[in-house]
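First comes the structure, then the notes that go with it.
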Protein chains: 2
Amino acid sequence: MDTNRRDFIKRAALITGAAGTGVFTGSCTASTPKNNAPLNLSFQEGIAPGANLNEKLDFMEKLGITGFEPGGRGLAGRVNEIRQALNGRNIKLSAICAGFSGWLIAEEEEHRKECMESSKEILAAAGELGSVGMILVPGFNGQQPSLAMPQAREILLEELKELGDFAVAHNTTLILEPLNRREAWFLRLLADAAAICRDTDNAGITCLGDFWHMTWEETSDYGAFMSAGKYLKHVHIASRKRRKMPGEDGDADNYTDGFRALKELNYPYYVSFECGTEGNREETVPAAVALLRTQWEQA
Amino acid sequence: MDTNRRDFIKRAALITGAAGTGVFTGSCTASTPKNNAPLNLSFQEGIAPGANLNEKLDFMEKLGITGFEPGGRGLAGRVNEIRQALNGRNIKLSAICAGFSGWLIAEEEEHRKECMESSKEILAAAGELGSVGMILVPGFNGQQPSLAMPQAREILLEELKELGDFAVAHNTTLILEPLNRREAWFLRLLADAAAICRDTDNAGITCLGDFWHMTWEETSDYGAFMSAGKYLKHVHIASRKRRKMPGEDGDADNYTDGFRALKELNYPYYVSFECGTEGNREETVPAAVALLRTQWEQA
């Protein structure tokens, strides 16, 4: 058993321990008491100030950030760099953000194949790094020509079964991300992403909820996360008007309804920053972290 | 003020009273206690045994069924008949089931116009009868050619604003029904129907959840109804494998997860039977009613 495999198992055990009862059962009752699930925060690579990865990770550690989400492009060539940078730190890989080329619902087979192959390369690196998964969007609005329903959904399921098997073999998952309609009409709702996960019936296919996109598409953060349920493996967060640091859009940046669902689900994965800032990162990032911790307590 | 208008106001007051706090706020907490919201059951016209409408209503009254859902086709010519049949009974109109022609996301304007006009005729009758609303499907798979996204959604919103204003003027609503993918890819999820309601920003546009269709499309009855939230004005129910009376498909016919959401929402409208039966209605219908009442208590 190699180190990565051992890490994966240890990680899975930790996650199971953190999850406790009630997770994945879909059977929470109306009288479920608030639980003590921790808020596990993660940053994409551009969030923390710092001249290099180590400086960024130092900043994150001081804030108690325990997850790191690098981009997927060129990840295979960065495995050693990232592994060394994380060595000895209390920071794990949360998810890998995209980085693939081509798209899975393309009309042309070559574009679909390009997506399958580039995704597998990233999934293999994601597995090596112990990441929960790699984030994938089945098709952006601008990626044309794309297949229409029901063909798009049928071919997607077949592709996902193959990618899911590949992900499981590499101790990781593929994480489907619903976007808002300005970016992707094909997949906009968490309930739909979860239904795709269920329909693939493959442990390697999971989904993500991004508060930014959810602002436009979901009527209820709570209902959306409860629908995602056991398939939910990652969460993105940003301010809700301009996609800046949480808090930069004032009262609009309320996440308690969604956090309440994550707590009820005993969600054991990460809430990861994917956003810009209008201010000085040295100030806006810690302020955002403090805001989220307060809202998590209130949820 | 005519009688219908008075009835509508009285009805609205009753509904508001039944709803109490917590309804429409989206702010239920994890520790919300189970409440005493009643289960209001409704039958479509074909459910109860009986040689005519009065015999069916007699059967319903004996079972404590308080809602009646007639079809929309020809409704304008049945207003007096239905009003007289309900006179003196503890049964109200729940919803009007479809009955329109044409479809709202048609490529051809004449089909869209046909749908608008036939829907308005039914809405006017629905209002006269004090119905919560009239059920509409924006487009079935078989209705072609239909517009693609985003045009379909844009034109739908414009049409719904007009129909919503018409519905409000007639003291009723238009109720959007998501179907399963075998019938309609365009609208399958409650969260999506609720998002359309929100996007129209019109009090006359509401939505429905049908346990039969939800079986195939939703991963969580609870999450789906919580997403529908304040826009939810009607619920359909059937057995979950063959669309027969609840209970005829055995253990598959579990509605408690969805009922729990309806109770948390203080849902004040109806759960209406839309299904066939393999058995003798004199027996299968009361058995189904008893099953639902038991599951409501357990939820």
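By order of appearance in the structure tokens: chains A, B, ..., then residues from 1 within every chain, and ligands from 1 in the order shown.
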
Find the residues of chain A that sit at most 10 Å from chain B; for each, write down the nearest two atoms and how far apart they are in Å, to one decimal. Count only C-alpha atoms. Sort by chain, then by number going up, and give it as CSV.
residue,atom,partner,partner_atom,distance
A:Gly26,CA,B:Ser220,CA,7.6
A:Ser27,CA,B:Asp257,CA,7.4
A:Cys28,CA,B:Asp257,CA,9.0
A:Thr29,CA,B:Arg260,CA,7.6
A:Ala30,CA,B:Thr32,CA,5.9
A:Ser31,CA,B:Ser31,CA,4.8
A:Thr32,CA,B:Ser31,CA,5.8
A:Pro33,CA,B:Ser31,CA,5.5
A:Lys34,CA,B:Ala30,CA,6.3
A:Asn35,CA,B:Ala30,CA,9.5
A:Asn141,CA,B:Pro150,CA,9.9
A:Ala148,CA,B:Ala148,CA,8.9
A:Met149,CA,B:Trp185,CA,7.1
A:Pro150,CA,B:Trp185,CA,7.5
A:Arg181,CA,B:Pro150,CA,8.4
A:Arg182,CA,B:Pro150,CA,9.5
A:Trp185,CA,B:Met149,CA,7.1
A:Phe186,CA,B:Met149,CA,9.0
A:Arg188,CA,B:Asp192,CA,9.0
A:Leu189,CA,B:Asp192,CA,7.4
A:Leu190,CA,B:Ala191,CA,8.9
A:Ala191,CA,B:Glu218,CA,6.5
A:Asp192,CA,B:Leu189,CA,7.4
A:Ala193,CA,B:Thr219,CA,9.6
A:Ala194,CA,B:Thr219,CA,6.5
A:Ala195,CA,B:Thr219,CA,5.8
A:Ile196,CA,B:Thr219,CA,9.4
A:Cys197,CA,B:Thr219,CA,9.4
A:Arg198,CA,B:Thr219,CA,7.4
A:Asp199,CA,B:Trp216,CA,9.6
A:Trp216,CA,B:Ala195,CA,8.7
A:Glu217,CA,B:Ala195,CA,6.6
A:Glu218,CA,B:Ala195,CA,6.4
A:Thr219,CA,B:Ala195,CA,5.7
A:Ser220,CA,B:Ser227,CA,5.0
A:Asp221,CA,B:Ser227,CA,7.9
A:Tyr222,CA,B:Met226,CA,7.5
A:Gly223,CA,B:Gly223,CA,4.4
A:Ala224,CA,B:Gly223,CA,6.3
A:Phe225,CA,B:Gly223,CA,7.5
A:Met226,CA,B:Gly223,CA,4.9
A:Ser227,CA,B:Gly223,CA,4.5
A:Ala228,CA,B:Thr219,CA,7.4
A:Gly229,CA,B:Ser220,CA,8.0
A:Lys230,CA,B:Thr219,CA,9.8
A:Tyr231,CA,B:Thr219,CA,9.7
A:Thr256,CA,B:Ser27,CA,9.7
A:Asp257,CA,B:Ser27,CA,7.4
A:Arg260,CA,B:Ala30,CA,7.1
A:Ala261,CA,B:Ala30,CA,8.3
A:Lys263,CA,B:Ala30,CA,9.0
A:Glu264,CA,B:Ala30,CA,7.2
A:Ala299,CA,B:Thr29,CA,8.1

Could those selected residues go to a file with C-alpha atoms, as a PDB file, in the first residue's frame?
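Listing of result_22.pdb after writing:
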ATOM      1  CA  GLY A  26     -31.687  11.694   4.196  1.00  0.00           C
ATOM      2  CA  SER A  27     -33.658  11.039   7.329  1.00  0.00           C
ATOM      3  CA  CYS A  28     -33.040  14.104   9.488  1.00  0.00           C
ATOM      4  CA  THR A  29     -36.225  14.980  11.313  1.00  0.00           C
ATOM      5  CA  ALA A  30     -37.733  18.358  11.916  1.00  0.00           C
ATOM      6  CA  SER A  31     -36.523  18.190  15.470  1.00  0.00           C
ATOM      7  CA  THR A  32     -32.887  17.449  14.617  1.00  0.00           C
ATOM      8  CA  PRO A  33     -30.858  19.427  17.168  1.00  0.00           C
ATOM      9  CA  LYS A  34     -28.093  21.736  15.993  1.00  0.00           C
ATOM     10  CA  ASN A  35     -24.915  19.737  15.863  1.00  0.00           C
ATOM     11  CA  ASN A 141     -23.164  28.147 -22.957  1.00  0.00           C
ATOM     12  CA  ALA A 148     -29.780  18.834 -26.869  1.00  0.00           C
ATOM     13  CA  MET A 149     -31.849  16.874 -24.348  1.00  0.00           C
ATOM     14  CA  PRO A 150     -32.335  13.964 -24.019  1.00  0.00           C
ATOM     15  CA  ARG A 181     -27.656  30.588 -16.473  1.00  0.00           C
ATOM     16  CA  ARG A 182     -25.329  33.278 -17.786  1.00  0.00           C
ATOM     17  CA  TRP A 185     -28.061  26.532 -19.060  1.00  0.00           C
ATOM     18  CA  PHE A 186     -27.341  22.809 -19.153  1.00  0.00           C
ATOM     19  CA  ARG A 188     -27.934  25.114 -13.042  1.00  0.00           C
ATOM     20  CA  LEU A 189     -29.574  23.446 -10.039  1.00  0.00           C
ATOM     21  CA  LEU A 190     -28.124  21.334  -7.239  1.00  0.00           C
ATOM     22  CA  ALA A 191     -31.154  19.035  -7.350  1.00  0.00           C
ATOM     23  CA  ASP A 192     -30.404  18.375 -11.015  1.00  0.00           C
ATOM     24  CA  ALA A 193     -26.702  17.721 -10.365  1.00  0.00           C
ATOM     25  CA  ALA A 194     -27.696  15.329  -7.572  1.00  0.00           C
ATOM     26  CA  ALA A 195     -30.142  13.569  -9.917  1.00  0.00           C
ATOM     27  CA  ILE A 196     -27.297  13.068 -12.411  1.00  0.00           C
ATOM     28  CA  CYS A 197     -25.162  11.605  -9.600  1.00  0.00           C
ATOM     29  CA  ARG A 198     -27.984   9.243  -8.650  1.00  0.00           C
ATOM     30  CA  ASP A 199     -28.617   8.266 -12.261  1.00  0.00           C
ATOM     31  CA  TRP A 216     -29.263  33.407  -9.163  1.00  0.00           C
ATOM     32  CA  GLU A 217     -30.627  29.908  -9.668  1.00  0.00           C
ATOM     33  CA  GLU A 218     -31.892  28.546  -6.353  1.00  0.00           C
ATOM     34  CA  THR A 219     -34.905  29.849  -4.457  1.00  0.00           C
ATOM     35  CA  SER A 220     -33.617  28.234  -1.240  1.00  0.00           C
ATOM     36  CA  ASP A 221     -29.987  27.563  -0.274  1.00  0.00           C
ATOM     37  CA  TYR A 222     -31.352  25.227   2.378  1.00  0.00           C
ATOM     38  CA  GLY A 223     -33.558  23.235   0.003  1.00  0.00           C
ATOM     39  CA  ALA A 224     -30.789  23.050  -2.593  1.00  0.00           C
ATOM     40  CA  PHE A 225     -28.193  21.594  -0.204  1.00  0.00           C
ATOM     41  CA  MET A 226     -30.744  19.190   1.292  1.00  0.00           C
ATOM     42  CA  SER A 227     -31.483  17.968  -2.243  1.00  0.00           C
ATOM     43  CA  ALA A 228     -27.757  17.533  -2.954  1.00  0.00           C
ATOM     44  CA  GLY A 229     -27.510  15.494   0.258  1.00  0.00           C
ATOM     45  CA  LYS A 230     -25.037  12.647   0.178  1.00  0.00           C
ATOM     46  CA  TYR A 231     -23.755  13.631  -3.270  1.00  0.00           C
ATOM     47  CA  THR A 256     -26.920  30.964   7.278  1.00  0.00           C
ATOM     48  CA  ASP A 257     -29.804  29.247   5.454  1.00  0.00           C
ATOM     49  CA  ARG A 260     -28.011  25.263   8.399  1.00  0.00           C
ATOM     50  CA  ALA A 261     -28.445  22.564   5.747  1.00  0.00           C
ATOM     51  CA  LYS A 263     -24.895  21.333   9.581  1.00  0.00           C
ATOM     52  CA  GLU A 264     -28.006  19.146   9.363  1.00  0.00           C
ATOM     53  CA  ALA A 299     -26.939  28.734  11.510  1.00  0.00           C
TER      54      ALA A 299
END

Identify, with DSSP run on backbone atoms, the residues in region 132-294 of chain A assigned to strand (DSSP E), and express the list as number ranges by chain.
-> A: 133-136, 174-176, 205-210, 232-237, 271-273

Might you pull out every residue within 12 Å of region 122-126 of chain A, with only C-alpha atoms counted and same-chain residues fewer than 6 positions away left off, and present them as a PyMOL selection string?
-> chain A and resi 4+8+69-80+82-83+92-101+115-116+132-136+163-175+204-205

Pick from A:Gly127, A:Gly67, A:Gly88, A:Pro138 nearest to Trp103 (chain A), counting only C-alpha atoms |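 For Trp103 (chain A), the nearest of the given residues is A:Pro138.
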
Residues of region 45-130 of chain B that have any atom at most 12 Å from an atom of region 157-162 of chain B: could you tabulate them with the shortest-distance atom pair and the distance in Å to one decimal, using only C-alpha atoms, ordered by chain and increasing number, as JSON lines?
{"residue": "B:Trp103", "atom": "CA", "partner": "B:Glu159", "partner_atom": "CA", "distance": 10.8}
{"residue": "B:Leu104", "atom": "CA", "partner": "B:Glu159", "partner_atom": "CA", "distance": 7.4}
{"residue": "B:Ile105", "atom": "CA", "partner": "B:Glu159", "partner_atom": "CA", "distance": 9.4}
{"residue": "B:Ala106", "atom": "CA", "partner": "B:Glu159", "partner_atom": "CA", "distance": 11.7}
{"residue": "B:Glu109", "atom": "CA", "partner": "B:Glu159", "partner_atom": "CA", "distance": 11.5}
{"residue": "B:Arg112", "atom": "CA", "partner": "B:Glu159", "partner_atom": "CA", "distance": 8.7}
{"residue": "B:Lys113", "atom": "CA", "partner": "B:Glu159", "partner_atom": "CA", "distance": 9.4}
{"residue": "B:Glu114", "atom": "CA", "partner": "B:Glu159", "partner_atom": "CA", "distance": 12.0}
{"residue": "B:Cys115", "atom": "CA", "partner": "B:Glu159", "partner_atom": "CA", "distance": 9.9}
{"residue": "B:Met116", "atom": "CA", "partner": "B:Glu159", "partner_atom": "CA", "distance": 7.6}
{"residue": "B:Glu117", "atom": "CA", "partner": "B:Glu162", "partner_atom": "CA", "distance": 11.1}
{"residue": "B:Ser119", "atom": "CA", "partner": "B:Leu160", "partner_atom": "CA", "distance": 10.9}
{"residue": "B:Lys120", "atom": "CA", "partner": "B:Glu162", "partner_atom": "CA", "distance": 9.9}

Within 8 Å of Val271 (chain A), counting only C-alpha atoms, which residues qualify if same-chain residues fewer than 5 places away don't, as a list in words?
->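 Neighbouring residues, sequence-local ones excluded: Leu39, Asn40, Leu41, Ser42, His234, Val235, His236 and Ile237 of chain A.
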
Any chance you could list, as a ChimeraX atom specification, the residues in region 44-209 of chain B that come up alpha helix (DSSP H) when DSSP is run on the backbone?
-> /B:53-63,79-86,109-128,151-169,190-200

B:Glu61, B:Glu107, B:Glu274, B:Glu177: which is nearest Leu86 (chain B), counting only C-alpha atoms?
->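 Of the candidates, the smallest distance to Leu86 (chain B) is held by B:Glu61.
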
Interatomic distance (Å, one decimal) between CA of Asn202 (chain A) and CA of Ala238 (chain B) =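 Answer for the CA of Asn202 (chain A) to CA of Ala238 (chain B) separation: 29.0 Å.
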